[in-house]
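Visitor: Structure provided below as structure tokens; questions to follow.
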Amino acid sequence: MMSREITRLNVPGPKARAILERDRKVVSPAYGRVADFVMDHGRGTEVYDVDGNRYLDFVAGIAVNSTGHSHPHVVSAIQKQAEKFMHISSDFYHEKWVELSERMDEIAPFDEPAYTFLGNSGTEAVEGAIKAARYHTGRPRFIGFLGGFHGRTQGSLSFTASKVAQRRGFATSSDVTHVPFPNPYRQLLAMQPGDGDYGDTVVTYIEQVIFKTVAPPNDVAGILVEPIQGEGGYVVPPPHFFPRLRELCDKHGILLIADEVQTGMGRTGRWWAIEHYGVEPDIICTAKGIASGMPLGGFVGKQSVMTMPVGAHGNTYGGNPLACAAALATIEVLENGGLRNAEEQGNYMLAQLKLMAEGHPSMGEVRGIGLMIGVEFVKDKATKEVAPELRNRVEEIAFEHGLLLMGCGYNAMRVIPPLVVTRDEVDEALQIMDFAITQAENELLG
């Protein structure tokens, strides 16, 4: 790994401070900001603030900027479409909408032909999938997972269980029963004799406890789950989990709904993260990286389960032509090297971070697939005592030295650069991370 000089930036600068002051006067304080970064422009993985400071963006708009910032192919597609028309409403038709739905059918993680419903965001995708599952099965209930994040609107918030701040003060549906997500690093359930891994334990708990006490299986419409938990800490489940979960759903006529809003569109080196587990879901939810920053989301399901009748669901901006054009261009970029790069750079970065962890007492676990990597910070590797303050300090120091990072879960850090990130950029980011972790450990661990 090439050594680079690490210098501290004078941030926020005067232009940024002025904009931050204006923001405080007019923008809702409900937003939670990560750092005082005021963006001016970007290209690829590099971004610049209004004072001219350069950063490496290893947040990528929370996995949204899959092709990096202002990829020329995506920008060109948006410009060409904008010159023709920007909106027609979902009450009519246009070709880009059909073309994108055809592409989603081609890359869907199941063999059966797919129907696609397009909206604006991930939470809207989840809301639609909930309705589709309830209508098709005629059942009212769902199973969700502790640590899961599925959105903040009322229906999706019923599933979200990653941070209490997201639910405090908001009543949610009682039709969702939450169970532990199979986190091999922090097991909440005792493994039983015969369990091959902790994934077996969790599925057995659903069948032997949840189905027999609070949620009869013939009342359950669907199980909504992230193939890798995002906001919950970038947790990768053990190998047995999804095959067992698929068997459980098949046994009881329950739909398996994969929330691929953060994990999908090439983030793990494949179109969908659930493909790593060798099972087919019935419905997937997608958004974030699908259109390189244009607001777009949707749910894609097997035609046999997408049985809602005409007029049962809709929206004004569904199939927005600008967003569809951006999504089609994004798919082309990912097909032409983006998926391969995500796998290659992800494998390299994961290996380098695991080597780095050997020299840092605070790096409790490094985990991930492709360019969806998490680092869990602890005070002591033996006790696994969580260290959220240290994680936050690493984030601050990295920002001060030109690297954008963002935490997840209670004490983990997500590492999610654009899928077009280069090896030199990965090495530069790793060097800054190593520096930031060392400094944070010296300050907080002694």
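Chain lettering (A, B, ...) mirrors the order of the structure tokens, residue numbering begins at 1 for each chain separately, and ligand numbering begins at 1 in order of display.
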Excluding A:His71 and residues on its chain fewer than 4 positions from it, collect all residues at most 7 Å away from it, counting only C-alpha atoms, and give them as a list in words.

Guide: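 Residues meeting the cut-off are Arg43, Gly44, Thr67 and Val75 of chain A.
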
Visitor: Run DSSP on the backbone and tell me which residues of stretch 190-281 of chain A come out as strand (DSSP E or B); list them as an MDAnalysis selection string.

Guide: chainID A and resid 220:225 229 235 255:259

Visitor: What does the file look like for those residues with C-alpha atoms, as a compact mmCIF listing (two decimals), in the first residue's frame?

Guide:
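Output file again.txt is given in full below:
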# COMPACT_ATOMS: atom_id res chain seq x y z
CA VAL A 220 -48.29 -14.30 8.52
CA ALA A 221 -48.25 -12.75 5.06
CA GLY A 222 -44.53 -12.21 4.75
CA ILE A 223 -41.10 -12.13 6.34
CA LEU A 224 -39.27 -8.88 5.52
CA VAL A 225 -35.51 -9.07 5.86
CA GLN A 229 -28.39 -5.58 7.81
CA VAL A 235 -24.26 -7.59 9.78
CA LEU A 255 -43.80 -14.65 1.17
CA LEU A 256 -40.07 -13.97 1.55
CA ILE A 257 -39.48 -10.25 0.96
CA ALA A 258 -35.86 -9.13 0.57
CA ASP A 259 -35.21 -5.49 1.38

Visitor: A:Val305, A:Val261, A:Cys324, A:Ile283: which is nearest A:Val64, counting only C-alpha atoms?

Guide: A:Val261

Visitor: Taking into account only C-alpha atoms, which residue in the set A:Gln303, A:Asn336, A:Ser362, A:Thr263 is nearest to A:Ala114?

Guide: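 The closest residue to A:Ala114 is A:Gln303.
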
Visitor: Can you check which residues of stretch 382-424 of chain A DSSP gives as helix (DSSP H, G or I) on the backbone and send them as a list in words?

Guide: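 Of stretch 382-424 of chain A, only Pro388, Glu389, Leu390, Arg391, Asn392, Arg393, Val394, Glu395, Glu396, Ile397, Ala398, Phe399, Glu400, Arg423 and Asp424 of chain A fall in helix (DSSP H, G or I).
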